[in-house]
Structures are given as C-alpha cells and as structure tokens.
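Data from run_1.txt: compact mmCIF, C-alpha atoms and all ligand atoms
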# COMPACT_ATOMS: atom_id res chain seq x y z
CA MET E 1 4.45 11.99 2.74
CA GLN E 2 3.29 10.08 5.78
CA LYS E 3 2.97 6.34 5.22
CA ILE E 4 -0.30 4.88 6.49
CA LYS E 5 -0.29 1.12 6.84
CA ILE E 6 -3.64 -0.60 7.10
CA LEU E 7 -4.07 -4.25 7.99
CA ALA E 8 -7.21 -5.49 6.21
CA ILE E 9 -9.22 -8.64 6.83
CA GLU E 10 -11.67 -10.29 4.41
CA THR E 11 -13.74 -13.35 5.41
CA SER E 12 -17.14 -12.68 3.81
CA CYS E 13 -17.36 -15.95 1.88
CA ASP E 14 -14.88 -18.76 1.28
CA GLU E 15 -11.55 -16.90 1.22
CA THR E 16 -9.64 -16.03 4.38
CA SER E 17 -7.48 -13.09 3.39
CA ILE E 18 -5.33 -10.60 5.25
CA SER E 19 -3.35 -7.83 3.64
CA VAL E 20 -1.12 -4.96 4.59
CA VAL E 21 -1.68 -1.96 2.32
CA GLU E 22 0.34 1.26 2.34
CA ASN E 23 -1.40 4.54 1.52
CA GLY E 24 -4.31 2.69 -0.04
CA ARG E 25 -2.73 1.72 -3.30
CA LYS E 26 0.48 -0.13 -2.50
CA ILE E 27 0.18 -3.78 -1.52
CA LEU E 28 2.81 -4.91 0.99
CA SER E 29 1.19 -8.33 1.35
CA ASN E 30 -2.01 -10.02 0.20
CA ILE E 31 -2.33 -13.52 1.62
CA ILE E 32 -5.39 -15.42 0.40
CA TYR E 33 -6.30 -18.82 1.77
CA SER E 34 -9.00 -20.24 -0.49
CA GLN E 35 -11.39 -22.91 0.79
CA ILE E 36 -12.60 -23.76 -2.71
CA ASP E 37 -11.23 -27.30 -2.69
CA ILE E 38 -13.26 -28.08 0.44
CA HIS E 39 -16.54 -26.61 -0.90
CA LYS E 40 -16.06 -28.17 -4.36
CA THR E 41 -17.11 -31.55 -3.00
CA PHE E 42 -20.50 -30.03 -2.02
CA GLY E 43 -21.00 -28.18 -5.33
CA GLY E 44 -21.11 -24.78 -3.59
CA VAL E 45 -20.12 -22.90 -0.45
CA VAL E 46 -21.43 -24.46 2.78
CA PRO E 47 -21.77 -21.53 5.24
CA GLU E 48 -21.08 -23.47 8.45
CA VAL E 49 -18.00 -25.13 6.97
CA ALA E 50 -16.77 -21.73 5.74
CA SER E 51 -17.01 -20.17 9.24
CA ARG E 52 -15.18 -23.06 10.87
CA LYS E 53 -12.40 -22.98 8.29
CA HIS E 54 -11.96 -19.20 8.75
CA ILE E 55 -11.50 -19.77 12.49
CA GLU E 56 -8.92 -22.48 11.87
CA THR E 57 -6.83 -20.50 9.38
CA ILE E 58 -7.07 -16.83 10.33
CA ASP E 59 -4.17 -16.83 12.84
CA GLY E 60 -1.80 -18.37 10.31
CA VAL E 61 -2.94 -16.00 7.55
CA LEU E 62 -2.23 -13.00 9.82
CA GLU E 63 1.23 -14.27 10.66
CA GLU E 64 2.09 -14.86 7.02
CA SER E 65 0.70 -11.49 5.96
CA LEU E 66 2.80 -9.53 8.47
CA LYS E 67 5.86 -11.57 7.57
CA GLU E 68 5.50 -10.95 3.87
CA ALA E 69 4.86 -7.23 4.46
CA LYS E 70 7.96 -7.12 6.72
CA THR E 71 5.76 -5.20 9.13
CA GLY E 72 5.29 -5.54 12.87
CA LEU E 73 1.88 -5.01 14.49
CA GLU E 74 3.28 -1.86 16.12
CA GLU E 75 3.63 -0.28 12.66
CA ILE E 76 -0.05 -0.78 11.76
CA ASP E 77 -2.15 2.43 11.77
CA ALA E 78 -5.62 0.89 11.52
CA VAL E 79 -7.39 -2.46 11.27
CA ALA E 80 -9.97 -2.81 8.47
CA VAL E 81 -12.52 -5.56 8.04
CA THR E 82 -15.38 -6.51 5.71
CA TYR E 83 -18.69 -6.23 7.61
CA GLY E 84 -21.07 -7.10 4.76
CA PRO E 85 -22.54 -8.21 2.48
CA GLY E 86 -21.70 -11.90 2.85
CA LEU E 87 -22.34 -14.98 4.95
CA VAL E 88 -23.15 -13.88 8.49
CA GLY E 89 -21.08 -16.52 10.28
CA ALA E 90 -18.10 -16.03 7.98
CA LEU E 91 -18.25 -12.24 8.38
CA LEU E 92 -18.41 -12.52 12.17
CA VAL E 93 -15.15 -14.47 12.31
CA GLY E 94 -13.31 -11.63 10.56
CA ILE E 95 -15.11 -8.89 12.50
CA ASN E 96 -14.38 -10.38 15.92
CA PHE E 97 -10.78 -11.02 14.97
CA ALA E 98 -10.42 -7.42 13.74
CA LYS E 99 -12.01 -6.00 16.91
CA ALA E 100 -9.67 -7.97 19.15
CA LEU E 101 -6.66 -6.88 17.12
CA SER E 102 -7.65 -3.21 17.02
CA TYR E 103 -8.21 -3.27 20.80
CA ALA E 104 -4.91 -5.04 21.44
CA ILE E 105 -2.81 -2.62 19.39
CA ASN E 106 -4.97 0.38 20.30
CA LYS E 107 -5.57 1.44 16.70
CA PRO E 108 -8.86 2.37 15.00
CA LEU E 109 -11.22 -0.15 13.47
CA ILE E 110 -12.64 0.48 9.97
CA GLY E 111 -15.63 -1.52 8.69
CA VAL E 112 -15.68 -1.83 4.89
CA ASN E 113 -18.44 -2.85 2.49
CA HIS E 114 -17.32 -5.87 0.44
CA ILE E 115 -18.63 -4.42 -2.85
CA GLU E 116 -16.83 -1.16 -2.17
CA GLY E 117 -13.70 -3.25 -1.74
CA HIS E 118 -14.19 -4.94 -5.12
CA ILE E 119 -14.59 -1.52 -6.77
CA CYS E 120 -11.44 -0.20 -5.04
CA ALA E 121 -9.34 -3.05 -6.48
CA ASN E 122 -9.30 -0.84 -9.60
CA LEU E 123 -7.51 1.91 -7.67
CA ILE E 124 -4.72 -0.52 -6.79
CA SER E 125 -4.21 -1.86 -10.30
CA ASN E 126 -4.60 1.49 -12.08
CA LYS E 127 -2.55 4.02 -10.13
CA ASP E 128 -3.78 6.94 -12.25
CA LEU E 129 -7.47 6.19 -11.79
CA GLU E 130 -9.42 8.93 -10.05
CA PRO E 131 -13.19 9.36 -9.66
CA PRO E 132 -15.52 9.84 -11.39
CA PHE E 133 -15.53 6.43 -13.04
CA LEU E 134 -18.01 3.66 -13.77
CA THR E 135 -17.60 0.11 -12.46
CA LEU E 136 -19.36 -3.04 -13.53
CA VAL E 137 -19.34 -5.20 -10.39
CA VAL E 138 -19.84 -8.83 -11.37
CA SER E 139 -19.34 -11.49 -8.73
CA GLY E 140 -20.96 -14.65 -7.42
CA GLY E 141 -23.49 -12.71 -5.37
CA HIS E 142 -23.73 -9.32 -7.10
CA THR E 143 -24.20 -7.64 -10.44
CA HIS E 144 -24.16 -3.87 -10.10
CA LEU E 145 -23.39 -0.90 -12.30
CA VAL E 146 -21.93 1.72 -9.99
CA VAL E 147 -20.95 5.33 -10.63
CA VAL E 148 -18.06 6.23 -8.34
CA LYS E 149 -18.62 9.97 -7.96
CA GLU E 150 -15.94 10.60 -5.38
CA TYR E 151 -13.83 8.44 -3.08
CA GLY E 152 -16.40 6.64 -0.91
CA GLU E 153 -19.38 8.09 -2.81
CA TYR E 154 -21.34 5.62 -4.89
CA GLU E 155 -24.50 5.64 -6.95
CA VAL E 156 -25.91 2.31 -8.03
CA VAL E 157 -27.42 2.92 -11.48
CA GLY E 158 -28.29 -0.70 -12.23
CA LYS E 159 -28.41 -4.10 -10.58
CA THR E 160 -29.65 -7.62 -11.16
CA ARG E 161 -33.30 -8.32 -10.43
CA ASP E 162 -32.67 -12.04 -9.95
CA ASP E 163 -29.47 -14.07 -10.36
CA ALA E 164 -26.01 -12.49 -10.25
CA ALA E 165 -23.84 -13.05 -13.32
CA GLY E 166 -21.47 -15.39 -11.42
CA GLU E 167 -24.41 -17.30 -9.99
CA ALA E 168 -25.74 -17.88 -13.54
CA TYR E 169 -22.28 -19.13 -14.57
CA ASP E 170 -22.16 -21.49 -11.59
CA LYS E 171 -25.69 -22.85 -12.14
CA VAL E 172 -25.23 -23.38 -15.88
CA ALA E 173 -21.85 -25.06 -15.26
CA ARG E 174 -23.53 -27.42 -12.82
CA SER E 175 -26.23 -28.40 -15.30
CA LEU E 176 -23.53 -28.99 -17.93
CA GLY E 177 -21.75 -31.26 -15.44
CA LEU E 178 -18.64 -29.07 -15.30
CA GLY E 179 -18.16 -28.65 -11.54
CA TYR E 180 -17.71 -25.71 -9.16
CA PRO E 181 -16.96 -22.82 -9.38
CA GLY E 182 -18.39 -22.74 -12.87
CA GLY E 183 -17.17 -19.37 -14.16
CA PRO E 184 -13.54 -20.28 -14.84
CA LEU E 185 -14.57 -23.67 -16.28
CA ILE E 186 -17.07 -22.17 -18.74
CA ASP E 187 -14.53 -19.47 -19.63
CA LYS E 188 -11.95 -22.17 -20.43
CA ILE E 189 -14.06 -24.59 -22.48
CA SER E 190 -15.77 -21.76 -24.35
CA THR E 191 -12.56 -21.21 -26.28
CA GLU E 192 -13.25 -24.59 -27.97
CA GLY E 193 -16.91 -23.82 -28.67
CA ASP E 194 -18.87 -21.94 -31.33
CA ARG E 195 -20.39 -18.92 -29.59
CA GLU E 196 -22.89 -18.39 -32.39
CA SER E 197 -24.18 -21.97 -32.50
CA ILE E 198 -27.15 -21.40 -30.14
CA ASP E 199 -29.06 -18.14 -30.04
CA PHE E 200 -29.75 -17.78 -26.30
CA PRO E 201 -31.87 -14.78 -25.23
CA ARG E 202 -30.30 -11.41 -24.41
CA ILE E 203 -32.49 -10.08 -21.64
CA MET E 204 -32.15 -6.32 -21.80
CA LEU E 205 -35.26 -5.33 -19.76
CA GLU E 206 -36.73 -1.85 -20.30
CA LYS E 207 -34.92 0.48 -22.66
CA ASP E 208 -33.92 3.06 -20.05
CA SER E 209 -33.06 0.59 -17.33
CA PHE E 210 -29.55 -0.51 -16.44
CA ASP E 211 -30.87 -3.43 -14.41
CA PHE E 212 -29.97 -7.00 -15.34
CA SER E 213 -31.79 -10.32 -15.33
CA PHE E 214 -30.03 -13.65 -15.82
CA SER E 215 -32.50 -16.24 -14.56
CA GLY E 216 -34.32 -16.41 -17.93
CA LEU E 217 -31.05 -17.10 -19.70
CA LYS E 218 -30.21 -19.82 -17.20
CA SER E 219 -33.65 -21.43 -17.82
CA ALA E 220 -33.11 -21.16 -21.58
CA VAL E 221 -29.92 -23.23 -21.25
CA LEU E 222 -31.72 -25.86 -19.13
CA ASN E 223 -34.63 -25.95 -21.61
CA TYR E 224 -32.19 -26.42 -24.48
CA GLN E 225 -30.60 -29.38 -22.71
CA ASN E 226 -34.02 -30.91 -21.97
CA ARG E 227 -35.20 -30.45 -25.56
CA MET E 228 -32.08 -32.13 -26.90
CA ALA E 229 -32.48 -35.00 -24.42
CA MET E 230 -36.13 -35.52 -25.43
CA LYS E 231 -35.16 -35.59 -29.09
CA LYS E 232 -32.29 -37.92 -28.18
CA MET E 233 -29.91 -35.55 -29.89
CA ASP E 234 -26.32 -34.85 -28.90
CA TYR E 235 -24.85 -31.42 -28.41
CA ARG E 236 -21.37 -30.10 -27.72
CA VAL E 237 -21.00 -28.81 -24.16
CA GLU E 238 -18.38 -26.38 -25.49
CA ASP E 239 -20.94 -24.84 -27.88
CA VAL E 240 -23.56 -24.43 -25.14
CA ALA E 241 -20.97 -22.88 -22.81
CA ALA E 242 -19.68 -20.48 -25.47
CA SER E 243 -23.20 -19.44 -26.58
CA PHE E 244 -24.32 -18.91 -22.97
CA GLN E 245 -21.21 -16.85 -22.23
CA GLU E 246 -21.75 -14.74 -25.34
CA ALA E 247 -25.29 -13.89 -24.22
CA VAL E 248 -24.05 -12.86 -20.73
CA VAL E 249 -21.16 -10.80 -22.09
CA ASP E 250 -23.33 -9.14 -24.73
CA VAL E 251 -25.78 -7.82 -22.11
CA LEU E 252 -23.08 -6.80 -19.61
CA VAL E 253 -21.10 -4.85 -22.20
CA LYS E 254 -24.08 -3.14 -23.87
CA LYS E 255 -25.54 -1.96 -20.57
CA THR E 256 -22.17 -0.76 -19.28
CA ILE E 257 -21.43 1.26 -22.41
CA GLU E 258 -24.95 2.74 -22.44
CA ALA E 259 -24.61 3.73 -18.77
CA ALA E 260 -21.24 5.37 -19.41
CA LYS E 261 -22.81 7.37 -22.24
CA LYS E 262 -25.84 8.39 -20.22
CA TYR E 263 -23.84 9.49 -17.16
CA LYS E 264 -21.11 11.04 -19.34
CA ILE E 265 -18.32 9.06 -17.73
CA GLU E 266 -15.34 8.22 -19.86
CA LYS E 267 -13.59 5.81 -17.51
CA VAL E 268 -14.93 2.25 -17.46
CA THR E 269 -13.72 -0.37 -14.98
CA MET E 270 -14.78 -3.83 -13.79
CA ALA E 271 -14.66 -5.69 -10.49
CA GLY E 272 -15.51 -9.05 -8.89
CA GLY E 273 -14.80 -12.66 -9.82
CA VAL E 274 -16.52 -12.53 -13.24
CA ALA E 275 -14.30 -9.56 -14.21
CA SER E 276 -11.62 -12.24 -14.72
CA ASN E 277 -13.59 -13.60 -17.66
CA SER E 278 -11.48 -13.51 -20.80
CA ARG E 279 -14.35 -12.92 -23.24
CA LEU E 280 -15.87 -10.16 -21.09
CA ARG E 281 -12.51 -8.39 -20.96
CA GLU E 282 -12.02 -8.72 -24.70
CA VAL E 283 -15.49 -7.47 -25.72
CA MET E 284 -15.57 -4.65 -23.12
CA GLU E 285 -12.12 -3.52 -24.24
CA LYS E 286 -13.22 -3.34 -27.87
CA ALA E 287 -16.51 -1.56 -27.12
CA SER E 288 -14.75 0.97 -24.84
CA LYS E 289 -12.11 1.68 -27.45
CA GLU E 290 -14.77 2.31 -30.12
CA ARG E 291 -16.32 4.97 -27.88
CA GLY E 292 -12.99 6.46 -26.83
CA PHE E 293 -13.45 5.40 -23.19
CA ASP E 294 -10.54 4.54 -20.91
CA PHE E 295 -10.96 0.93 -19.89
CA SER E 296 -9.07 -0.86 -17.13
CA TYR E 297 -9.65 -3.80 -14.83
CA PRO E 298 -7.76 -5.47 -11.99
CA PRO E 299 -5.66 -8.63 -12.45
CA GLY E 300 -7.36 -11.92 -11.49
CA ILE E 301 -5.87 -12.00 -8.00
CA LEU E 302 -7.55 -8.63 -7.21
CA CYS E 303 -10.86 -9.63 -8.84
CA THR E 304 -11.33 -12.53 -6.48
CA ASP E 305 -12.06 -11.88 -2.79
CA ASN E 306 -8.94 -10.46 -1.15
CA GLY E 307 -7.84 -8.30 1.77
CA ALA E 308 -5.94 -5.73 -0.33
CA MET E 309 -9.11 -4.31 -1.88
CA ILE E 310 -10.55 -3.87 1.64
CA GLY E 311 -7.36 -2.11 2.74
CA CYS E 312 -7.62 0.27 -0.21
CA ALA E 313 -11.25 1.21 0.53
CA ALA E 314 -10.38 1.61 4.23
CA TYR E 315 -7.58 4.08 3.47
CA TYR E 316 -10.01 6.63 2.01
CA LYS E 317 -12.19 6.25 5.12
CA TYR E 318 -9.11 6.69 7.31
CA LEU E 319 -8.35 10.00 5.59
CA LYS E 320 -11.89 11.14 6.46
CA ASN E 321 -11.71 9.80 10.05
CA GLU E 322 -14.56 7.42 9.30
CA PHE E 323 -13.89 4.88 12.01
CA SER E 324 -16.16 2.12 13.34
CA GLU E 325 -17.29 1.53 16.91
CA SER E 326 -16.21 -1.59 18.76
CA THR E 327 -19.88 -2.66 18.51
CA LEU E 328 -19.49 -3.17 14.73
CA ASN E 329 -21.81 -5.96 13.58
CA ALA E 330 -22.15 -8.13 10.46
CA TYR E 331 -24.70 -7.07 7.81
CA PRO E 332 -25.29 -9.95 5.38
CA ASN E 333 -27.34 -7.70 3.04
CA LEU E 334 -25.36 -4.47 3.38
CA LYS E 335 -25.98 -2.09 0.47
CA ILE E 336 -23.25 -0.18 -1.33
CA ASP E 337 -25.00 3.17 -0.88
CA ARG E 338 -24.66 2.68 2.89
CA CYS E 339 -20.85 2.64 2.87
O1 LIG R 1 -15.98 -11.95 -6.41
P1 LIG R 1 -15.92 -13.42 -6.17
O2 LIG R 1 -14.58 -14.08 -6.03
O3 LIG R 1 -16.76 -13.80 -4.91
C1 LIG R 1 -17.96 -13.17 -4.59
O4 LIG R 1 -17.90 -12.10 -3.91
O5 LIG R 1 -19.00 -13.68 -5.06
O6 LIG R 1 -16.73 -14.08 -7.41
C2 LIG R 1 -16.91 -15.46 -7.54
C3 LIG R 1 -17.69 -15.72 -8.82
C4 LIG R 1 -18.10 -17.16 -9.01
O7 LIG R 1 -19.46 -17.20 -9.37
C5 LIG R 1 -17.22 -17.64 -10.16
O8 LIG R 1 -17.81 -18.65 -10.94
C6 LIG R 1 -17.04 -16.36 -10.94
O9 LIG R 1 -16.90 -15.35 -9.96
N1 LIG R 1 -15.84 -16.37 -11.80
C7 LIG R 1 -15.89 -16.29 -13.15
C8 LIG R 1 -14.55 -16.40 -13.60
N2 LIG R 1 -13.73 -16.51 -12.50
C9 LIG R 1 -14.55 -16.49 -11.42
N3 LIG R 1 -16.93 -16.16 -13.99
C10 LIG R 1 -16.66 -16.13 -15.30
N4 LIG R 1 -15.42 -16.25 -15.82
C11 LIG R 1 -14.33 -16.37 -15.02
N5 LIG R 1 -13.09 -16.47 -15.55
ZN ZN R 2 -16.57 -10.83 -3.64

Using the file provided, produce a representation of the structure as structure tokens.
Amino acid sequence: MQKIKILAIETSCDETSISVVENGRKILSNIIYSQIDIHKTFGGVVPEVASRKHIETIDGVLEESLKEAKTGLEEIDAVAVTYGPGLVGALLVGINFAKALSYAINKPLIGVNHIEGHICANLISNKDLEPPFLTLVVSGGHTHLVVVKEYGEYEVVGKTRDDAAGEAYDKVARSLGLGYPGGPLIDKISTEGDRESIDFPRIMLEKDSFDFSFSGLKSAVLNYQNRMAMKKMDYRVEDVAASFQEAVVDVLVKKTIEAAKKYKIEKVTMAGGVASNSRLREVMEKASKERGFDFSYPPGILCTDNGAMIGCAAYYKYLKNEFSESTLNAYPNLKIDRC
C-alpha cells in the first residue's frame, strides 16, 4: 500500500501545532506548542497576542515535527491547514505558512475545517471506526451533535443556541475564582464535591430538538452565588462545581443517546476539549453500554487542538483529490456542512 504523508498545520486558536500523519490514521509526529500560560494572565485568549505568538513559534514547531517524524520535506505528499472556524488572525498565520510551504515543495494544499478535524481525531484513536457514527463535538467554541454519514460527509443534527459547553465551563470557573481554562479545573475539584447538593436546571429545549442551551445554567450558577452572598451564607466551591458539571453532563449525554436512537446509529464518539472531561466520559460510557452502543473517544492529547486531527481529515480529502487553491482564505465562522 502506498504511504501518503501529510504535513498538517493547526493555528486556529491558542495552540501552534504541526503534525506528520501517514495514511490518515498513523501519527508520525504531533508537536503542540500551547500558549495557555501566556493567555492565563488575561483570563482568556487575546487574539492579537495569539497571532503574534504563532508567528514566533511556527518555524520551530515545523522543525521539531519533521525531526520527530524522521521525515524530510521531500517526503511530504501534501500540506494541510485549518482554515476555519477560529480567530481570523491566528488562522491566517497557519494558512500563509502552509501556502508558502506547499508552493516551495510543489505539493498540494488542503484546507480543513477545524471541527471536522476534531471529529476525525476519533479515527486516529479508534482504528476500527468507520462511518456512519455519531460525534458529540464539545469544545470552547462549539457544541454540535454530528452524524458522520461517510468520510467527509456530515450532518449537524443539533447545536448550541448560545454558549458552547466549554465556554460555560470557563465562565463558571471564572465566577468561582478558579482561573483559566476552567474546564480542567472544574473537572478536578468536582471529585471533592457533592454533585447532588444543588439542583441546577437541565435545559433540554423542545422534545424533538437536539439543540443545546447553556447560558441559563451559567446564570443559575451566578444567581446561586449572589443569593448566598446576600444571605451571608457560605458554600463549598467544590459542591457548586460538581453540581454544575452534573447538569452539563446530564444534558449532553441524554441528547447524544436520544440522537443515536433517532438516527439509528450504534457508534457514539466524542471530540473537542470538553471530551476530556472525566465525568462526561464516565456517564456517556455507562449510558452507551446500557443501549448496546459502541462508545469510544480520543485521548486528551487528541481532544485538544492539534495538527494530527487536521492531517487525518486531510487524508480523506487527498483520496478524493479535494485540493485547495493558493487563494485559500480564513473563514472565522466556517460551518461543518461546508467542508
Ligand atoms: O477543543 P479545545 O481545545 O479548543 C477549542 O477548539 O475550543 O477546547 C477547549 C475547551 C475549553 O473551554 C476548556 O475549558 C475545555 O475545552 N476543557 C474541558 C476539559 N479540558 C478542557 N472542559 C471540561 N473538562 C475538561 N477536563
Ligand atoms: Zn478546537
């Protein structure tokens, strides 16, 4: 079998990542330079700072990625890059770098949707996974339920109408004084809390809808804190965190299982930063097992933003000769159905 090596670049937010991926599912290298420590001091990602940092680090990340993959540029068959959704300035750094590289080595350029990349991380971690399958995409900017009908063919069956799940985690963590990014911190302290101590709302929306809404839950947490402050009563941050998390997980799992039933799909997967959440994994695993569904999810390093997932998605485009023009632009609001 011919070995196709794709060099994939991801700079849509605050990670500069370059990977070399062989035949879509084998990672030869996956170098991720995270800017989180820089953005932490601001309590969130500062777009201008992110772009500048990508420019500073991208050369070094490329060098390290090729070295780890023991691959020379002459062995690369195509250059892939995230072209949306994401921060426009951050995306443009990766796109321009990818264009220059593809021109220099005279190999095709492949633009990849960031959400499609997250979904494809499942194909790397579960080598037997084939479409059709269902993916719950839960990241800092997105909450989508996606039916993967075929390679590169997606149907969004539900999405958030307001905050993304990760965004809700980050905002609640901030109001609890936990720091940024909030997801991993809430996940960690929740293990010390009582998840049934506060009955936060489960916003399920209309019965037949697979859409999500998390802004009401976020407000409920803030209202709880305000009420307690007015009554001059103490509360345990661990209990608030655990109860909030339980409400998020409850909704995510119920909607995912219902969608799998409705679309008659027996393979359930997850993607994006929040897919690292330990409680979400545990509850989804249990619910899937009860229904006889196959459940799998990528390891943490493939849930976070990374180049390997982009390389995987690009491989299936390569097989279909779906290449991009050298005029490829950044699309901050790119939709998954436009892959
Ligand atoms: O996919 P990602 O790395 O970047 C985006 O494309 O947004 O997701 C980042 C988000 C952040 O909101 C972060 O708080 C959340 O994922 N996150 C988590 C966990 N790890 C990261 N949320 C809940 N539990 C976690 N363990
Ligand atoms: Zn992401």

For ligand ZN 2 (chain R), the nearest of the candidates E:Ser102, E:Asn333, E:Asn306, E:Thr71, counting all atoms listed in the file: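 Looking at the shortest contact to ligand ZN 2 (chain R), the residue is E:Asn306.
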
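Here the question is which of E:Gln2, E:Asn277, E:Thr304, E:Asn122 gets nearest to ligand ZN 2 (chain R) using all atoms listed in the file, and that residue is E:Thr304.
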
For Asp187 (chain E), the closest of E:Lys127, E:Arg174, E:Ser276, E:Leu101 counting all atoms listed in the file is E:Ser276

Where does chain E meet ligand LIG 1 (chain R) within 8 Å, residue by residue, with the nearest atom pair and distance in Å to one decimal for each, counting all atoms listed in the file, listed by chain and rising number, as a Markdown table?
| residue | atom | partner | partner_atom | distance |
| --- | --- | --- | --- | --- |
| E:Ser12 | CA | R:LIG1 | O4 | 7.8 |
| E:Cys13 | CA | R:LIG1 | O4 | 7.0 |
| E:Gly86 | CA | R:LIG1 | O4 | 7.8 |
| E:His114 | CA | R:LIG1 | O4 | 7.6 |
| E:Ile115 | CA | R:LIG1 | O4 | 7.8 |
| E:His118 | CA | R:LIG1 | O1 | 7.3 |
| E:Val138 | CA | R:LIG1 | O1 | 7.0 |
| E:Ser139 | CA | R:LIG1 | O6 | 3.9 |
| E:Gly140 | CA | R:LIG1 | O5 | 3.2 |
| E:Gly141 | CA | R:LIG1 | O5 | 4.6 |
| E:His142 | CA | R:LIG1 | O5 | 6.7 |
| E:Ala165 | CA | R:LIG1 | O7 | 7.2 |
| E:Gly166 | CA | R:LIG1 | O7 | 3.4 |
| E:Glu167 | CA | R:LIG1 | O7 | 5.0 |
| E:Ala168 | CA | R:LIG1 | O7 | 7.6 |
| E:Tyr169 | CA | R:LIG1 | O8 | 5.8 |
| E:Asp170 | CA | R:LIG1 | O8 | 5.2 |
| E:Tyr180 | CA | R:LIG1 | O8 | 7.3 |
| E:Pro181 | CA | R:LIG1 | O8 | 4.5 |
| E:Gly182 | CA | R:LIG1 | O8 | 4.6 |
| E:Gly183 | CA | R:LIG1 | N3 | 3.2 |
| E:Pro184 | CA | R:LIG1 | N5 | 3.9 |
| E:Leu185 | CA | R:LIG1 | N5 | 7.4 |
| E:Ile186 | CA | R:LIG1 | N4 | 6.8 |
| E:Asp187 | CA | R:LIG1 | N4 | 5.1 |
| E:Lys188 | CA | R:LIG1 | N5 | 7.6 |
| E:Ala271 | CA | R:LIG1 | O1 | 7.6 |
| E:Gly272 | CA | R:LIG1 | O1 | 3.8 |
| E:Gly273 | CA | R:LIG1 | O6 | 3.4 |
| E:Val274 | CA | R:LIG1 | N3 | 3.7 |
| E:Ala275 | CA | R:LIG1 | C11 | 6.9 |
| E:Ser276 | CA | R:LIG1 | N5 | 4.6 |
| E:Asn277 | CA | R:LIG1 | N5 | 3.6 |
| E:Ser278 | CA | R:LIG1 | N5 | 6.2 |
| E:Gly300 | CA | R:LIG1 | N2 | 7.9 |
| E:Cys303 | CA | R:LIG1 | O1 | 6.1 |
| E:Thr304 | CA | R:LIG1 | O2 | 3.6 |
| E:Asp305 | CA | R:LIG1 | O2 | 4.7 |

Name all residues at most 9 Å from region 258-261 of chain E (count only C-alpha atoms; drop same-chain ones fewer than 6 positions away) and give them as a CSV table (one decimal) with C-alpha atoms, in the coordinates of the input.
chain,number,residue,atom,x,y,z
E,133,PHE,CA,-15.5,6.4,-13.0
E,134,LEU,CA,-18.0,3.7,-13.8
E,145,LEU,CA,-23.4,-0.9,-12.3
E,147,VAL,CA,-21.0,5.3,-10.6
E,157,VAL,CA,-27.4,2.9,-11.5
E,158,GLY,CA,-28.3,-0.7,-12.2
E,210,PHE,CA,-29.6,-0.5,-16.4
E,267,LYS,CA,-13.6,5.8,-17.5
E,268,VAL,CA,-14.9,2.2,-17.5
E,291,ARG,CA,-16.3,5.0,-27.9
E,293,PHE,CA,-13.4,5.4,-23.2

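Residue nearest ligand ZN 2 (chain R) within the list E:Asp37, E:Ile301, E:Gly152, E:Phe214: E:Ile301 [criterion: smallest interatomic distance, all atoms listed in the file].
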
What is the distance, in Å and to one decimal place, between CA of Thr160 (chain E) and CA of Asp294 (chain E)? 24.7 Å

Got a sec: who's within 9 Å of region 43-47 of chain E, counting only C-alpha atoms, leaving out chain neighbours fewer than 3 positions off, as a list in words?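 Listed by chain and then number, they are Cys13, Asp14, Gln35, Ile36, Ile38, His39, Lys40, Ala50, Ser51, Arg52, Leu87, Val88, Gly89, Ala90, Asp170, Arg174, Gly179, Tyr180 and Pro181 of chain E.
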
Could you save those same residues with C-alpha atoms as a PDB file, in the frame of the given file?
ATOM      1  CA  CYS E  13     -17.360 -15.950   1.880  1.00  0.00           C
ATOM      2  CA  ASP E  14     -14.880 -18.760   1.280  1.00  0.00           C
ATOM      3  CA  GLN E  35     -11.390 -22.910   0.790  1.00  0.00           C
ATOM      4  CA  ILE E  36     -12.600 -23.760  -2.710  1.00  0.00           C
ATOM      5  CA  ILE E  38     -13.260 -28.080   0.440  1.00  0.00           C
ATOM      6  CA  HIS E  39     -16.540 -26.610  -0.900  1.00  0.00           C
ATOM      7  CA  LYS E  40     -16.060 -28.170  -4.360  1.00  0.00           C
ATOM      8  CA  ALA E  50     -16.770 -21.730   5.740  1.00  0.00           C
ATOM      9  CA  SER E  51     -17.010 -20.170   9.240  1.00  0.00           C
ATOM     10  CA  ARG E  52     -15.180 -23.060  10.870  1.00  0.00           C
ATOM     11  CA  LEU E  87     -22.340 -14.980   4.950  1.00  0.00           C
ATOM     12  CA  VAL E  88     -23.150 -13.880   8.490  1.00  0.00           C
ATOM     13  CA  GLY E  89     -21.080 -16.520  10.280  1.00  0.00           C
ATOM     14  CA  ALA E  90     -18.100 -16.030   7.980  1.00  0.00           C
ATOM     15  CA  ASP E 170     -22.160 -21.490 -11.590  1.00  0.00           C
ATOM     16  CA  ARG E 174     -23.530 -27.420 -12.820  1.00  0.00           C
ATOM     17  CA  GLY E 179     -18.160 -28.650 -11.540  1.00  0.00           C
ATOM     18  CA  TYR E 180     -17.710 -25.710  -9.160  1.00  0.00           C
ATOM     19  CA  PRO E 181     -16.960 -22.820  -9.380  1.00  0.00           C
TER      20      PRO E 181
END

Test item: which residues lie within 8 Å of (-18.8, -2.0, 12.2) counting only C-alpha atoms, as a PyMOL selection string: chain E and resi 83+95+109-112+324-330

Separation of CA of Ile257 (chain E) from CA of Leu217 (chain E), in Å and rounded to one decimal: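 CA of Leu217 (chain E) lies 20.9 Å from CA of Ile257 (chain E).
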
Here's a test: counting all atoms listed in the file, identify every protein, DNA and RNA residue with an atom at most 9 Å from (-31.5, -16.8, -18.1) in the file's coordinate frame, and state them as a PyMOL selection string. chain E and resi 163+168+200-203+213-221+244+248

Hey, what's within 7 Å of region 57-63 of chain E if we count all atoms listed in the file and toss same-chain stuff fewer than 4 positions away? As a PyMOL selection string, please? chain E and resi 16-18+31+53+67

Excluding same-chain residues fewer than 5 positions from region 227-242 of chain E, what lies within 9 Å of it counting only C-alpha atoms, as a compact mmCIF listing (two decimals) with C-alpha atoms, in the frame of the given file?
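So the final result, stored in out.txt, reads:
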# COMPACT_ATOMS: atom_id res chain seq x y z
CA VAL E 172 -25.23 -23.38 -15.88
CA ALA E 173 -21.85 -25.06 -15.26
CA LEU E 176 -23.53 -28.99 -17.93
CA ILE E 186 -17.07 -22.17 -18.74
CA ASP E 187 -14.53 -19.47 -19.63
CA ILE E 189 -14.06 -24.59 -22.48
CA SER E 190 -15.77 -21.76 -24.35
CA THR E 191 -12.56 -21.21 -26.28
CA GLU E 192 -13.25 -24.59 -27.97
CA GLY E 193 -16.91 -23.82 -28.67
CA ASP E 194 -18.87 -21.94 -31.33
CA ARG E 195 -20.39 -18.92 -29.59
CA GLU E 196 -22.89 -18.39 -32.39
CA SER E 197 -24.18 -21.97 -32.50
CA ILE E 198 -27.15 -21.40 -30.14
CA VAL E 221 -29.92 -23.23 -21.25
CA LEU E 222 -31.72 -25.86 -19.13
CA ALA E 247 -25.29 -13.89 -24.22

Which residue of E:Leu129, E:Ile119, E:Cys312, E:Val253 approaches ligand ZN 2 (chain R) most closely, using all atoms listed in the file: E:Ile119

Choose the residue, out of E:Val137, E:Ala313, E:Leu205, E:Ile124, that has the smallest atom-to-atom separation from ligand ZN 2 (chain R); count all atoms listed in the file. E:Val137

Between CA of Leu252 (chain E) and CA of Lys149 (chain E), what is the distance, to one decimal in Å?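 Taking CA of Leu252 (chain E) as the start and CA of Lys149 (chain E) as the end point, the length is 20.9 Å.
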